[in-house]
$ cat protein.txt   # compact mmCIF, C-alpha atoms
# COMPACT_ATOMS: atom_id res chain seq x y z
CA MET A 1 14.20 52.36 41.53
CA LYS A 2 13.83 51.95 45.28
CA LEU A 3 17.57 52.06 45.64
CA LEU A 4 17.71 55.31 43.70
CA ARG A 5 15.02 56.82 45.90
CA LEU A 6 16.91 55.74 49.02
CA LEU A 7 20.11 57.24 47.72
CA PHE A 8 18.32 60.50 46.97
CA LEU A 9 16.83 60.54 50.47
CA LEU A 10 20.22 59.89 52.06
CA SER A 11 21.92 62.62 50.06
CA SER A 12 19.20 65.14 50.91
CA LEU A 13 19.50 64.20 54.59
CA LEU A 14 23.26 64.70 54.48
CA GLY A 15 22.75 68.05 52.79
CA ALA A 16 20.30 69.06 55.48
CA CYS A 17 22.78 68.09 58.22
CA ASN A 18 25.44 70.21 56.57
CA ALA A 19 23.06 73.12 56.32
CA LEU A 20 22.23 72.72 60.02
CA ALA A 21 25.84 73.31 61.06
CA ALA A 22 25.85 76.40 63.31
CA LYS A 23 27.26 79.57 61.81
CA ILE A 24 29.79 81.51 63.81
CA ALA A 25 30.87 85.08 63.20
CA VAL A 26 34.33 85.84 64.53
CA THR A 27 34.85 89.44 65.57
CA ASP A 28 38.17 91.19 65.29
CA LEU A 29 39.90 91.34 68.65
CA ALA A 30 38.71 94.38 70.56
CA TYR A 31 41.16 96.38 72.58
CA ALA A 32 41.15 99.32 74.93
CA GLU A 33 44.24 101.43 75.18
CA ARG A 34 44.97 104.35 77.45
CA VAL A 35 46.41 107.22 75.45
CA SER A 36 48.26 109.87 77.43
CA GLY A 37 49.73 113.12 76.23
CA TYR A 38 51.16 116.42 77.42
CA PHE A 39 51.06 119.81 75.84
CA HIS A 40 52.64 123.17 76.57
CA LEU A 41 51.38 126.13 74.60
CA VAL A 42 52.97 129.54 74.59
CA ASP A 43 51.22 132.40 72.76
CA TYR A 44 53.07 135.71 72.49
CA HIS A 45 51.92 138.77 70.57
CA ASN A 46 53.63 142.11 70.47
CA LYS A 47 52.26 145.11 68.61
CA SER A 48 53.88 148.50 68.65
CA SER A 49 53.36 151.66 66.66
CA ALA A 50 54.98 155.09 66.65
CA ARG A 51 54.00 158.34 64.95
CA ALA A 52 55.91 161.51 64.69
CA SER A 53 54.96 164.74 62.93
CA GLN A 54 56.49 168.15 62.61
CA SER A 55 55.24 171.33 60.96
CA ASP A 56 57.00 174.62 60.56
CA ARG A 57 55.42 177.87 59.57
CA GLU A 58 57.13 181.06 58.71
CA HIS A 59 55.40 184.34 58.03
CA ASP A 60 57.35 187.25 56.77
CA SER A 61 55.87 190.58 55.71
CA PHE A 62 56.97 194.13 55.48
CA GLU A 63 55.83 194.98 58.96
CA SER A 64 56.35 191.81 60.86
CA SER A 65 57.71 188.43 60.71
CA SER A 66 56.78 185.36 62.71
CA THR A 67 57.93 181.81 62.83
CA SER A 68 56.10 178.90 64.45
CA SER A 69 57.07 175.34 64.68
CA ARG A 70 55.11 172.37 66.01
CA SER A 71 56.14 168.79 66.41
CA SER A 72 54.45 165.82 67.99
CA TYR A 73 55.40 162.26 68.76
CA SER A 74 53.19 159.42 69.96
CA GLY A 75 54.05 155.74 70.51
CA LYS A 76 52.06 152.69 71.53
CA SER A 77 53.15 149.18 72.40
CA GLN A 78 50.96 146.21 73.37
CA THR A 79 52.10 142.76 74.44
CA ASP A 80 49.89 139.73 75.03
CA TYR A 81 51.40 136.62 76.58
CA THR A 82 49.51 133.40 77.23
CA GLU A 83 51.00 130.15 78.50
CA VAL A 84 48.94 126.97 78.92
CA GLU A 85 50.29 123.68 80.16
CA SER A 86 48.33 120.47 80.69
CA SER A 87 48.35 116.73 80.36
CA TYR A 88 45.52 114.59 79.08
CA SER A 89 44.59 110.96 79.07
CA TYR A 90 41.80 109.00 77.47
CA ILE A 91 40.91 105.45 76.62
CA GLU A 92 40.88 104.53 72.99
CA TYR A 93 38.80 101.60 71.81
CA GLY A 94 39.36 99.74 68.59
CA GLU A 95 39.67 96.41 66.90
CA LEU A 96 42.92 94.70 66.07
CA ARG A 97 42.62 93.69 62.43
CA LYS A 98 45.05 90.82 62.87
CA PHE A 99 45.33 87.36 64.40
CA VAL A 100 41.79 86.16 63.63
CA GLY A 101 42.48 84.55 60.25
CA ASP A 102 43.89 81.39 61.79
CA ILE A 103 41.08 81.26 64.37
CA LYS A 104 38.60 81.11 61.48
CA GLY A 105 40.71 78.52 59.71
CA GLU A 106 40.94 76.24 62.73
CA ILE A 107 37.19 76.55 63.44
CA LEU A 108 36.48 75.49 59.87
CA LYS A 109 38.89 72.57 60.22
CA THR A 110 36.90 71.16 63.11
CA GLY A 111 34.06 70.62 60.62
CA GLU A 112 31.43 71.38 63.29
CA PHE A 113 30.74 74.98 62.27
CA LYS A 114 30.33 77.29 59.34
CA LEU A 115 31.52 80.87 59.36
CA ALA A 116 29.71 84.13 58.72
CA GLN A 117 31.47 87.41 58.08
CA ALA A 118 31.08 90.08 60.76
CA LYS A 119 30.79 93.75 59.96
CA PRO A 120 33.82 95.65 61.25
CA TYR A 121 33.64 98.13 64.09
CA THR A 122 33.98 101.63 62.70
CA ALA A 123 33.64 103.76 65.85
CA LYS A 124 31.01 105.87 64.09
CA GLY A 125 28.01 107.35 65.84
CA SER A 126 27.03 105.80 69.12
CA GLU A 127 28.42 102.35 68.30
CA LYS A 128 30.06 100.86 71.37
CA ILE A 129 32.61 98.16 70.92
CA TYR A 130 31.99 96.24 74.14
CA ASP A 131 28.21 96.40 73.92
CA ILE A 132 27.96 93.15 72.02
CA ILE A 133 24.20 92.82 72.47
CA SER A 134 23.53 96.14 70.83
CA ARG A 135 25.90 95.23 68.02
CA ILE A 136 24.03 91.95 67.51
CA LYS A 137 20.73 93.86 67.53
CA ASN A 138 22.10 96.36 65.03
CA GLY A 139 22.79 93.52 62.63
CA ALA A 140 26.58 93.51 62.76
CA TYR A 141 26.62 89.71 62.33
CA PRO A 142 24.21 88.85 59.54
CA GLY A 143 23.27 85.20 59.29
CA ALA A 144 25.30 84.14 62.31
CA ASP A 145 23.93 81.82 65.01
CA TYR A 146 26.85 82.55 67.31
CA VAL A 147 29.33 85.36 67.71
CA LEU A 148 32.83 84.64 68.92
CA PHE A 149 33.64 87.90 70.65
CA GLY A 150 37.31 88.35 71.50
CA THR A 151 39.07 91.06 73.48
CA VAL A 152 42.79 91.52 73.90
CA SER A 153 43.92 91.04 77.51
CA GLU A 154 47.63 91.48 76.98
CA LEU A 155 50.00 91.92 74.09
CA ASP A 156 53.61 91.65 75.10
CA PHE A 157 56.70 91.99 72.91
CA ARG A 158 60.00 90.95 74.44
CA ASP A 159 63.53 91.24 73.13
CA GLU A 160 65.98 89.40 75.38
CA ILE A 161 69.61 88.47 75.23
CA ASN A 162 70.75 85.72 77.59
CA PRO A 163 74.14 84.09 77.88
CA ILE A 164 74.21 80.38 77.16
CA ILE A 165 75.78 78.67 80.13
CA GLY A 166 79.01 76.88 79.34
CA THR A 167 79.61 78.71 76.06
CA ASP A 168 80.70 82.15 74.94
CA THR A 169 77.56 82.63 72.86
CA LEU A 170 74.33 84.47 73.56
CA SER A 171 70.80 83.58 72.77
CA ASN A 172 68.86 86.48 71.28
CA THR A 173 65.15 85.89 71.70
CA PHE A 174 62.48 88.08 70.20
CA SER A 175 59.07 86.92 71.32
CA LEU A 176 55.47 88.00 71.29
CA MET A 177 52.71 86.73 73.52
CA LEU A 178 49.06 87.55 73.00
CA VAL A 179 46.40 86.67 75.52
CA ALA A 180 42.79 87.22 74.52
CA GLU A 181 39.47 86.44 76.16
CA PHE A 182 36.69 84.96 74.12
CA SER A 183 32.97 84.45 74.59
CA LEU A 184 30.82 82.44 72.24
CA ILE A 185 27.41 84.15 72.35
CA ASN A 186 24.13 82.93 70.90
CA THR A 187 22.75 85.71 68.72
CA ARG A 188 19.12 84.90 69.54
CA THR A 189 19.13 84.09 73.25
CA TYR A 190 22.41 85.88 74.17
CA GLU A 191 23.40 82.75 76.03
CA VAL A 192 27.15 82.38 76.50
CA LYS A 193 27.88 78.89 75.20
CA ALA A 194 31.63 78.97 75.83
CA ALA A 195 34.06 81.37 77.46
CA PHE A 196 37.80 81.07 77.83
CA SER A 197 41.09 82.85 77.45
CA ALA A 198 43.48 81.72 74.77
CA THR A 199 47.16 82.34 74.26
CA GLY A 200 49.18 82.81 71.13
CA GLU A 201 52.93 82.67 71.35
CA GLY A 202 55.72 83.08 68.87
CA GLN A 203 59.44 83.63 69.01
CA ASP A 204 62.45 84.10 66.83
CA VAL A 205 65.64 82.86 68.44
CA HIS A 206 69.16 83.39 67.19
CA VAL A 207 72.40 82.18 68.70
CA VAL A 208 74.91 85.00 68.47
CA THR A 209 78.44 85.68 69.57
CA GLY A 210 79.31 88.86 71.44
CA GLY A 211 79.38 91.93 69.23
CA SER A 212 77.29 90.54 66.40
CA ARG A 213 73.80 91.84 65.88
CA VAL A 214 70.76 90.13 64.45
CA VAL A 215 67.51 91.60 63.24
CA PRO A 216 64.58 89.50 64.39
CA SER A 217 61.93 88.47 61.93
CA ARG A 218 58.74 90.10 63.18
CA GLY A 219 56.67 88.52 60.42
CA ARG A 220 57.61 85.04 61.49
CA VAL A 221 56.78 85.81 65.12
CA VAL A 222 53.38 87.30 64.24
CA SER A 223 52.58 84.30 62.05
CA GLU A 224 53.46 81.88 64.85
CA VAL A 225 51.32 83.84 67.32
CA SER A 226 48.36 83.77 64.96
CA LYS A 227 48.66 80.04 64.29
CA SER A 228 49.03 79.03 67.91
CA LEU A 229 46.16 81.33 68.95
CA GLY A 230 43.91 79.77 66.31
CA ILE A 231 44.72 76.26 67.48
CA ASP A 232 44.14 77.16 71.14
CA VAL A 233 40.77 78.81 70.39
CA ALA A 234 39.50 75.90 68.28
CA ARG A 235 40.65 73.38 70.88
CA GLN A 236 38.88 75.20 73.72
CA ILE A 237 35.64 75.72 71.77
CA ASN A 238 35.63 72.05 70.96
CA GLU A 239 36.39 71.13 74.55
CA GLN A 240 33.62 73.29 76.02
CA LEU A 241 30.98 72.34 73.48
CA GLY A 242 31.83 68.68 73.90
CA GLY A 243 32.59 68.11 70.24
CA SER A 244 34.58 65.25 68.82
CA ALA A 245 38.26 65.13 69.75
CA TYR A 246 40.02 68.03 68.12
CA GLN A 247 43.24 66.93 66.56
CA ASN A 248 45.94 69.24 65.50
CA ALA A 249 49.67 69.04 65.44
CA ASP A 250 51.73 71.41 67.51
CA PRO A 251 52.27 74.86 66.04
CA ALA A 252 54.72 75.17 63.17
CA THR A 253 57.70 75.05 65.50
CA GLY A 254 57.11 71.34 66.11
CA ASN A 255 58.78 71.57 69.49
CA THR A 256 57.68 68.83 71.80
CA MET A 257 59.43 70.08 74.94
CA GLN A 258 58.23 73.11 76.80
CA GLU A 259 60.57 75.76 78.16
CA GLY A 260 62.07 74.62 81.45
CA GLU A 261 60.65 71.13 81.25
CA VAL A 262 63.21 68.47 82.22
CA MET A 263 63.18 65.18 80.35
CA HIS A 264 64.80 62.36 82.27
CA PHE A 265 65.76 59.23 80.39
CA SER A 266 65.53 55.92 82.20
CA GLN A 267 68.02 53.09 82.12
CA MET B 1 67.34 6.04 48.21
CA ARG B 2 66.47 7.71 51.51
CA PRO B 3 65.35 11.26 50.83
CA PHE B 4 65.02 12.19 54.54
CA LYS B 5 68.36 10.77 55.55
CA ASN B 6 69.78 14.22 56.41
CA ALA B 7 66.56 15.55 57.88
CA PRO B 8 67.78 15.84 61.52
CA LEU B 9 70.84 17.73 60.33
CA ALA B 10 68.69 20.12 58.27
CA VAL B 11 66.39 20.76 61.24
CA ALA B 12 69.35 21.41 63.51
CA LEU B 13 70.89 23.82 60.98
CA THR B 14 67.61 25.69 60.57
CA ALA B 15 67.17 25.97 64.34
CA LEU B 16 70.75 27.23 64.69
CA SER B 17 70.29 29.81 61.97
CA LEU B 18 67.03 30.98 63.54
CA LEU B 19 68.71 31.28 66.94
CA SER B 20 71.62 33.24 65.52
CA ALA B 21 69.19 35.53 63.68
CA CYS B 22 67.38 36.16 66.92
CA ALA B 23 70.65 36.89 68.73
CA SER B 24 71.88 39.39 66.15
CA HIS B 25 68.61 41.41 66.09
CA LYS B 26 68.15 43.01 69.47
CA PRO B 27 64.75 44.46 70.25
CA PRO B 28 64.64 48.21 69.61
CA PRO B 29 65.30 50.33 72.71
CA HIS B 30 62.39 51.89 74.56
CA PRO B 31 61.80 55.47 73.25
CA GLY B 32 62.26 57.11 76.65
CA SER B 33 65.32 55.12 77.63
CA ILE B 34 68.99 56.07 77.68
CA ASN B 35 69.74 53.42 75.05
CA ALA B 36 67.43 55.20 72.63
CA LYS B 37 69.58 58.32 72.89
CA VAL B 38 73.06 56.82 73.15
CA GLU B 39 74.91 55.42 70.16
CA GLN B 40 78.12 53.44 70.54
CA PRO B 41 80.09 51.87 67.70
CA SER B 42 81.16 49.08 70.04
CA GLU B 43 79.82 48.23 73.43
CA MET B 44 82.02 49.53 76.22
CA SER B 45 82.93 47.14 79.02
CA TYR B 46 83.57 49.52 81.89
CA LEU B 47 82.07 52.81 80.88
CA GLN B 48 78.35 53.26 81.04
CA VAL B 49 75.95 56.17 80.65
CA THR B 50 74.12 56.03 83.97
CA ASP B 51 72.09 59.21 83.82
CA LEU B 52 70.80 61.31 80.96
CA ARG B 53 68.52 64.32 81.08
CA ALA B 54 67.55 67.18 78.80
CA VAL B 55 65.97 70.55 79.45
CA LYS B 56 64.95 73.44 77.24
CA ARG B 57 66.53 76.69 78.41
CA ASN B 58 66.20 79.93 76.48
CA HIS B 59 64.62 77.84 73.72
CA LEU B 60 67.79 75.78 73.37
CA LEU B 61 68.01 72.11 74.25
CA THR B 62 70.56 71.46 77.00
CA VAL B 63 71.69 67.91 77.64
CA GLN B 64 73.54 66.45 80.60
CA ALA B 65 74.90 62.91 80.75
CA GLU B 66 76.67 61.06 83.53
CA ILE B 67 79.32 58.47 82.66
CA ASN B 68 80.34 55.87 85.21
CA ASN B 69 83.64 53.97 85.15
CA SER B 70 83.28 50.62 86.91
CA ASP B 71 86.91 49.65 86.33
CA SER B 72 89.90 50.07 88.64
CA ASN B 73 91.81 51.78 85.81
CA ASN B 74 91.22 55.15 84.24
CA GLN B 75 89.29 54.94 80.99
CA GLN B 76 89.52 57.20 77.98
CA LEU B 77 86.21 58.25 76.48
CA TYR B 78 85.47 60.12 73.25
CA TYR B 79 82.07 61.60 72.72
CA ARG B 80 80.07 63.94 70.53
CA PHE B 81 76.45 64.97 70.16
CA LYS B 82 74.26 64.67 67.09
CA TRP B 83 71.58 67.35 67.04
CA LEU B 84 68.34 66.64 65.23
CA ASP B 85 65.38 68.82 64.27
CA ALA B 86 61.69 67.85 64.52
CA GLY B 87 61.92 66.03 61.21
CA GLY B 88 64.91 63.95 62.38
CA PHE B 89 67.42 65.79 60.18
CA GLY B 90 70.84 66.70 61.51
CA VAL B 91 71.37 70.33 62.54
CA GLY B 92 74.68 72.18 62.53
CA GLY B 93 76.88 69.53 60.90
CA GLU B 94 79.03 66.95 62.63
CA GLU B 95 80.72 67.86 65.86
CA ALA B 96 84.35 67.00 66.62
CA TRP B 97 85.07 64.12 68.97
CA LYS B 98 85.80 65.36 72.47
CA PRO B 99 88.13 63.41 74.74
CA VAL B 100 87.33 62.84 78.41
CA LEU B 101 89.31 60.81 80.93
CA VAL B 102 87.07 59.01 83.38
CA TYR B 103 89.00 58.07 86.50
CA ALA B 104 88.75 54.68 88.15
CA TYR B 105 85.42 54.13 89.90
CA GLN B 106 84.48 57.74 89.20
CA LYS B 107 81.64 59.46 87.48
CA GLN B 108 82.06 62.18 84.91
CA THR B 109 79.37 64.60 83.78
CA LEU B 110 79.12 65.71 80.16
CA SER B 111 76.93 68.63 79.15
CA ALA B 112 76.19 70.37 75.89
CA VAL B 113 73.86 73.02 74.50
CA ALA B 114 72.19 72.62 71.12
CA PRO B 115 73.52 74.99 68.45
CA SER B 116 70.08 76.11 67.31
CA PRO B 117 66.51 76.44 68.63
CA GLN B 118 65.35 74.16 65.80
CA VAL B 119 66.95 71.24 67.67
CA THR B 120 64.32 69.07 69.33
CA ASP B 121 66.18 65.78 69.67
CA PHE B 122 69.73 64.51 70.10
CA ARG B 123 71.96 61.45 70.14
CA LEU B 124 75.02 61.05 72.32
CA VAL B 125 77.70 59.13 70.45
CA VAL B 126 80.34 57.57 72.71
CA GLN B 127 83.36 55.37 72.10
CA SER B 128 86.27 54.17 74.13
CA PRO B 129 88.94 52.60 71.86
CA ASP B 130 90.97 50.99 74.65
CA ASN B 131 87.88 49.56 76.26
CA THR B 132 87.30 45.95 75.29
CA GLY B 133 84.23 46.08 73.19
CA GLN B 134 82.01 43.85 71.26
CA LEU B 135 81.19 44.91 67.73
CA PRO B 136 77.50 44.96 67.01

$ encode --input "protein.txt" --output "structure tokens"
Amino acid sequence: MKLLRLLFLLSSLLGACNALAAKIAVTDLAYAERVSGYFHLVDYHNKSSARASQSDREHDSFESSSTSSRSSYSGKSQTDYTEVESSYSYIEYGELRKFVGDIKGEILKTGEFKLAQAKPYTAKGSEKIYDIISRIKNGAYPGADYVLFGTVSELDFRDEINPIIGTDTLSNTFSLMLVAEFSLINTRTYEVKAAFSATGEGQDVHVVTGGSRVVPSRGRVVSEVSKSLGIDVARQINEQLGGSAYQNADPATGNTMQEGEVMHFSQ
Amino acid sequence: MRPFKNAPLAVALTALSLLSACASHKPPPHPGSINAKVEQPSEMSYLQVTDLRAVKRNHLLTVQAEINNSDSNNQQLYYRFKWLDAGGFGVGGEEAWKPVLVYAYQKQTLSAVAPSPQVTDFRLVVQSPDNTGQLP
């Protein structure tokens, strides 16, 4: 009986520990983009009218005869011409609805946190995307103890063709690099518990001969970026919060050597 | 009847067989050593891979090896690379053997670029038929 009671106590304690795991809400990555445009408007109106009239009168009697004739012509023309030329520029704010799925997955894998769903930014009313405190106060992250707020620093697509030295082939590289800054903010005290920038990188490489053309797989590149970003974010959160060693294999590519790194084999 | 009459002979035979077993099983090469990357059907007497390095350029593995001839005669060498992916599987099929003449007391540099970005590892296979060798 005692044993049963002990087991019950242990299981309830374990349940309590699990329930105590901090809840994180991961926001979509916020971005600011400068939108520029140019317009040239030409407005031309032409209105013209013309009127002509003629009347003839002839009077003939025994004693006299008279003839009168009258004609009139009037014309009117009006032209309005307006030309406006200008350029405009403004900053557009929004959230990138991509790349956060793997961040959530990797955070869950660490086993230290639970996740709460954040309400998306809708740009309605006076909602401001970078005012994270007001968004917390407005209840955008229900049930969350922490908010992982991410903003895009740089998103860079590259399509390069380089000759491979010593061969007559070319290496066609299509790559995407995403750098984002993150802050882990306590929703009650607004204390920043962790802050870092993380990188996601993906590429699709083909070896081609001159004249041939390959179409890069954008889906594969985006998937690689998302996975590597998720791993980097989870690793840095774990590092800064002093959690247990975060273990994860390299991104799907499985490459052990970095670009440009020379490996020298000893005798 | 002396059951242990041939005991010294048996002990000697066992010791001999143990010794020969030890001699035929070399310890595995160190993972970061040249021997871990070079395969040779028979050991070459005069030709030796003295330097081996790899670099990733444009996402493709590029390998450079230096072969030294310690003999006073020219030595014929045949080589090819085996390209392996992260799982250890061969990539791009088998290459043809490439002949290289290494002059007396000279060094020759071999270089190759992996056929695909999936390649993460390689083996350099070398043989020199006229070189007195010892079969493994």

$ closest_atom_pairs --input "protein.txt" --of "chain A" --to "chain B" --cutoff "6 Å" --atoms "only C-alpha atoms" --output "CSV"
residue,atom,partner,partner_atom,distance
A:Gly254,CA,B:Ala86,CA,6.0
A:Glu259,CA,B:Lys56,CA,5.0
A:Gly260,CA,B:Lys56,CA,5.2
A:Glu261,CA,B:Val55,CA,5.6
A:Val262,CA,B:Val55,CA,4.4
A:Met263,CA,B:Ala54,CA,5.0
A:His264,CA,B:Arg53,CA,4.4
A:Phe265,CA,B:Ser33,CA,5.0
A:Ser266,CA,B:Ser33,CA,4.6
A:Gln267,CA,B:Ile34,CA,5.4

$ write_last_selection --input "protein.txt" --atoms "C-alpha atoms" --output "mmCIF file, keeping the file's coordinate frame"
data_model
loop_
_atom_site.group_PDB
_atom_site.id
_atom_site.type_symbol
_atom_site.label_atom_id
_atom_site.label_comp_id
_atom_site.auth_asym_id
_atom_site.auth_seq_id
_atom_site.Cartn_x
_atom_site.Cartn_y
_atom_site.Cartn_z
ATOM 1 C CA GLY A 254 57.110 71.340 66.110
ATOM 2 C CA GLU A 259 60.570 75.760 78.160
ATOM 3 C CA GLY A 260 62.070 74.620 81.450
ATOM 4 C CA GLU A 261 60.650 71.130 81.250
ATOM 5 C CA VAL A 262 63.210 68.470 82.220
ATOM 6 C CA MET A 263 63.180 65.180 80.350
ATOM 7 C CA HIS A 264 64.800 62.360 82.270
ATOM 8 C CA PHE A 265 65.760 59.230 80.390
ATOM 9 C CA SER A 266 65.530 55.920 82.200
ATOM 10 C CA GLN A 267 68.020 53.090 82.120
#

$ closest_residue --input "protein.txt" --among "A:Glu112, A:Glu95, A:Glu181, A:Asp159" --to "Glu33 of chain A" --atoms "all atoms listed in the file"
A:Glu95

$ residues_around --input "protein.txt" --residues "Asp204 of chain A" --least-positions-apart "5" --cutoff "10 Å" --atoms "all atoms listed in the file" --output "ChimeraX atom specification"
/A:159,172-176,215-222,224 /B:59,117

$ residues_near_point --input "protein.txt" --point "(87.1, 52.9, 89.3)" --cutoff "9 Å" --atoms "all atoms listed in the file" --output "MDAnalysis selection string"
chainID B and resid 46 68:75 102:107

$ atom_distance --input "protein.txt" --atom1 "atom CA of Gln236 of chain A" --atom2 "atom CA of Met177 of chain A"
18.0 Å

$ residues_around --input "protein.txt" --residues "Arg188 of chain A" --least-positions-apart "4" --cutoff "10 Å" --atoms "only C-alpha atoms" --output "list in words"
Ile133, Ile136, Lys137, Ala144, Asp145 and Tyr146 of chain A

$ atom_distance --input "protein.txt" --atom1 "atom CA of Ile161 of chain A" --atom2 "atom CA of Gly230 of chain A"
28.6 Å

$ residues_around --input "protein.txt" --residues "segment 42-51 of chain A" --least-positions-apart "3" --cutoff "8 Å" --atoms "only C-alpha atoms" --output "PyMOL selection string"
chain A and resi 73-84

$ decode --input "protein.txt" --residues "segment 81-103 of chain B" --atoms "N, CA and C atoms" --output "mmCIF file, in the first residue's frame"
data_model
loop_
_atom_site.group_PDB
_atom_site.id
_atom_site.type_symbol
_atom_site.label_atom_id
_atom_site.label_comp_id
_atom_site.auth_asym_id
_atom_site.auth_seq_id
_atom_site.Cartn_x
_atom_site.Cartn_y
_atom_site.Cartn_z
ATOM 1 N N PHE B 81 40.140 7.959 -58.032
ATOM 2 C CA PHE B 81 39.495 8.363 -56.778
ATOM 3 C C PHE B 81 38.154 7.644 -56.637
ATOM 4 N N LYS B 82 37.845 7.314 -55.413
ATOM 5 C CA LYS B 82 36.496 6.806 -55.079
ATOM 6 C C LYS B 82 35.821 7.923 -54.317
ATOM 7 N N TRP B 83 34.659 8.337 -54.774
ATOM 8 C CA TRP B 83 33.943 9.438 -54.096
ATOM 9 C C TRP B 83 32.800 8.864 -53.282
ATOM 10 N N LEU B 84 32.689 9.307 -52.056
ATOM 11 C CA LEU B 84 31.678 8.750 -51.142
ATOM 12 C C LEU B 84 30.787 9.859 -50.585
ATOM 13 N N ASP B 85 29.525 9.537 -50.389
ATOM 14 C CA ASP B 85 28.615 10.520 -49.773
ATOM 15 C C ASP B 85 28.648 10.376 -48.253
ATOM 16 N N ALA B 86 27.798 11.153 -47.565
ATOM 17 C CA ALA B 86 27.834 11.159 -46.092
ATOM 18 C C ALA B 86 27.518 9.794 -45.497
ATOM 19 N N GLY B 87 26.773 8.980 -46.244
ATOM 20 C CA GLY B 87 26.445 7.652 -45.751
ATOM 21 C C GLY B 87 27.496 6.608 -46.090
ATOM 22 N N GLY B 88 28.562 7.018 -46.805
ATOM 23 C CA GLY B 88 29.625 6.082 -47.172
ATOM 24 C C GLY B 88 29.358 5.353 -48.481
ATOM 25 N N PHE B 89 28.320 5.756 -49.209
ATOM 26 C CA PHE B 89 28.020 5.118 -50.485
ATOM 27 C C PHE B 89 28.798 5.814 -51.611
ATOM 28 N N GLY B 90 29.156 5.017 -52.605
ATOM 29 C CA GLY B 90 29.891 5.559 -53.743
ATOM 30 C C GLY B 90 29.023 6.513 -54.546
ATOM 31 N N VAL B 91 29.647 7.565 -55.071
ATOM 32 C CA VAL B 91 28.921 8.560 -55.879
ATOM 33 C C VAL B 91 29.566 8.615 -57.260
ATOM 34 N N GLY B 92 28.753 8.572 -58.293
ATOM 35 C CA GLY B 92 29.249 8.801 -59.644
ATOM 36 C C GLY B 92 29.899 7.599 -60.317
ATOM 37 N N GLY B 93 29.793 6.432 -59.769
ATOM 38 C CA GLY B 93 30.348 5.233 -60.410
ATOM 39 C C GLY B 93 31.864 5.194 -60.332
ATOM 40 N N GLU B 94 32.426 4.130 -60.909
ATOM 41 C CA GLU B 94 33.876 3.947 -60.805
ATOM 42 C C GLU B 94 34.603 4.769 -61.852
ATOM 43 N N GLU B 95 35.659 5.399 -61.420
ATOM 44 C CA GLU B 95 36.472 6.185 -62.356
ATOM 45 C C GLU B 95 37.415 5.259 -63.112
ATOM 46 N N ALA B 96 37.927 5.746 -64.245
ATOM 47 C CA ALA B 96 38.943 4.984 -64.980
ATOM 48 C C ALA B 96 40.295 5.176 -64.288
ATOM 49 N N TRP B 97 41.181 4.196 -64.472
ATOM 50 C CA TRP B 97 42.531 4.342 -63.918
ATOM 51 C C TRP B 97 43.280 5.390 -64.732
ATOM 52 N N LYS B 98 43.991 6.249 -64.054
ATOM 53 C CA LYS B 98 44.750 7.284 -64.776
ATOM 54 C C LYS B 98 46.232 7.014 -64.595
ATOM 55 N N PRO B 99 46.984 6.994 -65.696
ATOM 56 C CA PRO B 99 48.422 6.730 -65.572
ATOM 57 C C PRO B 99 49.212 8.017 -65.314
ATOM 58 N N VAL B 100 50.225 7.892 -64.483
ATOM 59 C CA VAL B 100 51.129 9.016 -64.203
ATOM 60 C C VAL B 100 52.538 8.453 -64.101
ATOM 61 N N LEU B 101 53.487 9.113 -64.742
ATOM 62 C CA LEU B 101 54.884 8.679 -64.626
ATOM 63 C C LEU B 101 55.566 9.587 -63.599
ATOM 64 N N VAL B 102 56.084 8.967 -62.567
ATOM 65 C CA VAL B 102 56.775 9.757 -61.539
ATOM 66 C C VAL B 102 58.274 9.578 -61.764
ATOM 67 N N TYR B 103 58.935 10.651 -62.078
ATOM 68 C CA TYR B 103 60.361 10.585 -62.395
ATOM 69 C C TYR B 103 61.193 10.287 -61.158
#
